[in-house]
Amino acid sequence: MQYGRLESNVTLVCGKSKTGTCNINRDREPRDREPRDREPRDREPRDREPRDGEPRDGEPRDGEPRDGEPRDRVGSQWDFWGSTLLTSSYVRLTPDEKSKQGSIWNTAPCHLKDWEMHVHFKVHGSGKKSLHGDGIAIWYTKDRLHPGPVFGNQDQSVGLAVFLDSFGNDLHGMDRSFPYVSAMVNNGSVSYDHGKDGRSSELGGCSAEIRNREHDTYLAVRYSRGRLTVMVDVDDKNEWRECIDIGGVRLPTGYYFGASAATGDLSDNHDIVSMKLYQLMVEHPPEEESQDWTKIQPSVSLLKPPKDNVDDPTGNFRGTPLTGWKVFLLLLCALLGIVVCAVVGAVVFQKRQERNKRFY
């Protein structure tokens with residue numbers, strides 16, 4: 001499989017290195033991708049007077065907001081909403097304050113059939129132990145800029161969502177630790193269940209320590225040949241750790257990439273440092289190439305429904321855990337079994353005693 005760099009509408013970068021490029025580790029990019037022949041140079045200062053109508057240094061261009069005016073775009077390629085704050089180094093979706101929501105969305109749809117998205121993010125705040133929330137979501141959906149209750153985006157969205165959930169709401173979900181990374185594919189008919197942390201609709205997931213890390217943290221989402229793979233690099237090892245890998249996934253082209261975050265009674269800073277999309281050079285059968293990929297309905301073909309499965313540390317499915325009432329029923333059945341066995345044993349013993357008396 002070959003990789004190609006997509007130098008267009010789907011690249012969001014924040015912060016610059018000495019060469020003027022995005023401050024992201026090149027090794028995080030696909031391993032077999034060829035590096036650029038050269039990096040862009042820092043912008044040289046003007047050496048001429050501006051023509052009539054051109055802005056002077058430091059003056060905003062036509063259509064750009066002046067200092068103190070609100071901004072509703074990141075350049076011309078990204079829109080943002082809510083509590084989102086732009087800085088020279090990152091985009092902060094939410095501050096470490098209660099009841100905040102923010103999102104950022106690409107303005108152009110993605111027409112790639114096979115792609116890989118790398119997200120450089122940071123989640124940090126003053127909350128201790130489990131007193132923080134709620135998390136970040138990465139979206140590839142039909143609609144954009146629709147605020148709602150699912151990590152700052154609308155419920156029943158159409159497309160793919162990857163959640164970085166930093167707070168566990170399910171009091172019975174003691175089989176997993178948070179923060180937790182999960183994925184969901186939706187055709188618009190399924191609601192995200194906050195009370196169960198999305199278990200009924202998730203495709204799989206893994207725990208990942210993403211909060212208050214002193215090093216960079218990354219997420220990778222790959223979709224190719226009907227297979228969805230989610231990987232994390234949060235341990236400063238400069239290598240991807242597989243979190244989700246599942247086949248039978250169908251996603252159309254023409255959807256939008258975005259990121260959102262939300263806080264509730266608990267809060268965190270949710271920052272996006274960069275989002276980069278890579279085109280995967282993959283050959284498809286002729287019948288797939290001739291198909292109208294914009295008409296595909298998001299779906300997943302699973303051996304068992306997601307609601308009947310939960311994850312294990314390896315990312316594979318296993319049976320649902322024993323909750324309190326299931327343990328009670330199991331113990332009750334065991335006790336009844338012991339009583340039945342005792343009664344049957346007593347009857348058999350008594351009959352043997354009576355039979356032995358006949359021979360005397």
# chains A, B, ... in the order shown; residues from 1 in each chain; ligands from 1
$ residues_around --residues "stretch 86-100 of chain A" --least-positions-apart "4" --cutoff "6 Å" --atoms "only C-alpha atoms" --output "CSV table (one decimal) with N, CA and C atoms, in the first residue's frame"
chain,number,residue,atom,x,y,z
A,14,CYS,N,-1.6,24.1,13.1
A,14,CYS,CA,-1.5,25.2,14.1
A,14,CYS,C,-0.1,25.2,14.6
A,15,GLY,N,0.6,26.4,14.6
A,15,GLY,CA,1.9,26.5,15.1
A,15,GLY,C,2.9,26.2,14.0
A,125,GLY,N,-6.2,19.6,32.1
A,125,GLY,CA,-7.0,20.4,32.9
A,125,GLY,C,-6.6,20.3,34.4
A,261,ALA,N,-15.8,19.0,20.9
A,261,ALA,CA,-15.6,18.6,22.3
A,261,ALA,C,-16.7,19.3,23.1
A,262,ALA,N,-16.8,18.8,24.3
A,262,ALA,CA,-17.8,19.3,25.3
A,262,ALA,C,-17.4,19.1,26.7
A,263,THR,N,-17.9,20.0,27.6
A,263,THR,CA,-17.7,19.8,29.0
A,263,THR,C,-19.1,19.9,29.7
A,264,GLY,N,-19.2,19.3,30.8
A,264,GLY,CA,-20.5,19.4,31.6
A,264,GLY,C,-20.3,20.0,32.9
A,265,ASP,N,-20.6,19.2,34.0
A,265,ASP,CA,-20.3,19.6,35.3
A,265,ASP,C,-18.8,19.5,35.6
A,266,LEU,N,-18.2,18.6,34.8
A,266,LEU,CA,-16.7,18.5,34.9
A,266,LEU,C,-16.1,19.1,33.6
A,267,SER,N,-14.8,19.4,33.6
A,267,SER,CA,-14.3,20.1,32.4
A,267,SER,C,-12.8,19.7,32.2
A,268,ASP,N,-12.4,20.1,31.0
A,268,ASP,CA,-11.0,20.0,30.6
A,268,ASP,C,-10.7,21.0,29.4
A,269,ASN,N,-9.5,21.3,29.2
A,269,ASN,CA,-9.1,21.9,28.0
A,269,ASN,C,-9.0,20.8,26.9
A,270,HIS,N,-9.7,21.0,25.8
A,270,HIS,CA,-9.6,20.1,24.6
A,270,HIS,C,-9.0,20.8,23.4
A,271,ASP,N,-7.8,20.5,23.1
A,271,ASP,CA,-7.0,21.2,22.0
A,271,ASP,C,-6.8,20.3,20.8
A,272,ILE,N,-6.9,20.9,19.6
A,272,ILE,CA,-6.5,20.3,18.4
A,272,ILE,C,-5.2,21.0,17.9
A,273,VAL,N,-4.1,20.3,17.8
A,273,VAL,CA,-2.9,20.9,17.3
A,273,VAL,C,-2.8,20.8,15.8
$ residues_around --residues "stretch 132-141 of chain A" --least-positions-apart "4" --cutoff "7 Å" --atoms "only C-alpha atoms" --output "PyMOL selection string"
chain A and resi 127+151+157-167+255-264+266-268+270
$ select_by_dssp --residues "stretch 167-283 of chain A" --states "strand (DSSP E or B)" --output "ChimeraX atom specification"
/A:180-187,205-207,211,217-224,227-233,241-246,249-250,255-262,269-281
$ atom_distance --atom1 "atom CA of A:His111" --atom2 "atom CA of A:Trp293"
8.8 Å
$ closest_residue --among "A:Asp79, A:Asp245, A:Asp143, A:Asp170" --to "A:Gly226" --atoms "only C-alpha atoms"
A:Asp245
$ closest_residue --among "A:Ser126, A:Asn238, A:Gln279, A:Ser201" --to "A:Arg222" --atoms "only C-alpha atoms"
A:Gln279
$ atom_distance --atom1 "atom CA of A:Ser200" --atom2 "atom CA of A:Gly82"
28.6 Å
$ residues_around --residues "A:Gln291" --least-positions-apart "5" --cutoff "12 Å" --atoms "only C-alpha atoms" --output "list in words"
Lys113, Pro252, Thr253, His284, Pro285, Pro286 and Ile296 of chain A
$ write_last_selection --atoms "N, CA, C and O atoms" --output "short mmCIF file (atom, residue, chain, number, x, y, z; two decimals), in the first residue's frame"
data_model
loop_
_atom_site.label_atom_id
_atom_site.label_comp_id
_atom_site.auth_asym_id
_atom_site.auth_seq_id
_atom_site.Cartn_x
_atom_site.Cartn_y
_atom_site.Cartn_z
N LYS A 113 -11.67 7.62 -1.60
CA LYS A 113 -12.26 6.33 -1.24
C LYS A 113 -11.48 5.66 -0.11
O LYS A 113 -12.05 4.92 0.68
N PRO A 252 -19.32 6.34 2.59
CA PRO A 252 -19.36 6.99 1.28
C PRO A 252 -18.29 8.07 1.15
O PRO A 252 -17.60 8.41 2.12
N THR A 253 -18.15 8.60 -0.03
CA THR A 253 -17.34 9.80 -0.24
C THR A 253 -18.27 11.02 -0.17
O THR A 253 -19.49 10.90 -0.18
N HIS A 284 -9.08 -0.83 -6.59
CA HIS A 284 -10.36 -1.46 -6.33
C HIS A 284 -10.81 -2.24 -7.56
O HIS A 284 -10.43 -1.91 -8.69
N PRO A 285 -11.61 -3.27 -7.36
CA PRO A 285 -12.16 -4.01 -8.51
C PRO A 285 -12.94 -3.07 -9.42
O PRO A 285 -13.47 -2.05 -8.98
N PRO A 286 -13.05 -3.41 -10.70
CA PRO A 286 -13.76 -2.53 -11.65
C PRO A 286 -15.18 -2.21 -11.22
O PRO A 286 -15.65 -1.09 -11.40
N ILE A 296 -23.48 5.55 -1.20
CA ILE A 296 -23.33 4.49 -0.20
C ILE A 296 -23.92 4.94 1.13
O ILE A 296 -23.71 6.08 1.56
#
$ select_by_dssp --residues "stretch 148-259 of chain A" --states "helix (DSSP H, G or I)" --output "PyMOL selection string"
chain A and resi 194-196+199-201
$ atom_distance --atom1 "atom CA of A:Thr84" --atom2 "atom CA of A:Gly152"
11.0 Å
$ residues_around --residues "A:Cys206" --least-positions-apart "2" --cutoff "6 Å" --atoms "only C-alpha atoms" --output "MDAnalysis selection string"
chainID A and resid 180:181 243
$ write_last_selection --atoms "N, CA, C and O atoms" --output "short mmCIF file (atom, residue, chain, number, x, y, z; two decimals), in the first residue's frame"
data_model
loop_
_atom_site.label_atom_id
_atom_site.label_comp_id
_atom_site.auth_asym_id
_atom_site.auth_seq_id
_atom_site.Cartn_x
_atom_site.Cartn_y
_atom_site.Cartn_z
N TYR A 180 -11.30 6.54 27.40
CA TYR A 180 -11.60 5.38 26.57
C TYR A 180 -11.86 5.85 25.14
O TYR A 180 -12.57 6.83 24.91
N VAL A 181 -11.27 5.14 24.17
CA VAL A 181 -11.41 5.47 22.75
C VAL A 181 -12.36 4.45 22.12
O VAL A 181 -12.17 3.24 22.29
N CYS A 243 -6.02 0.08 18.32
CA CYS A 243 -7.12 0.17 19.27
C CYS A 243 -8.37 -0.53 18.74
O CYS A 243 -9.03 -1.27 19.45
#
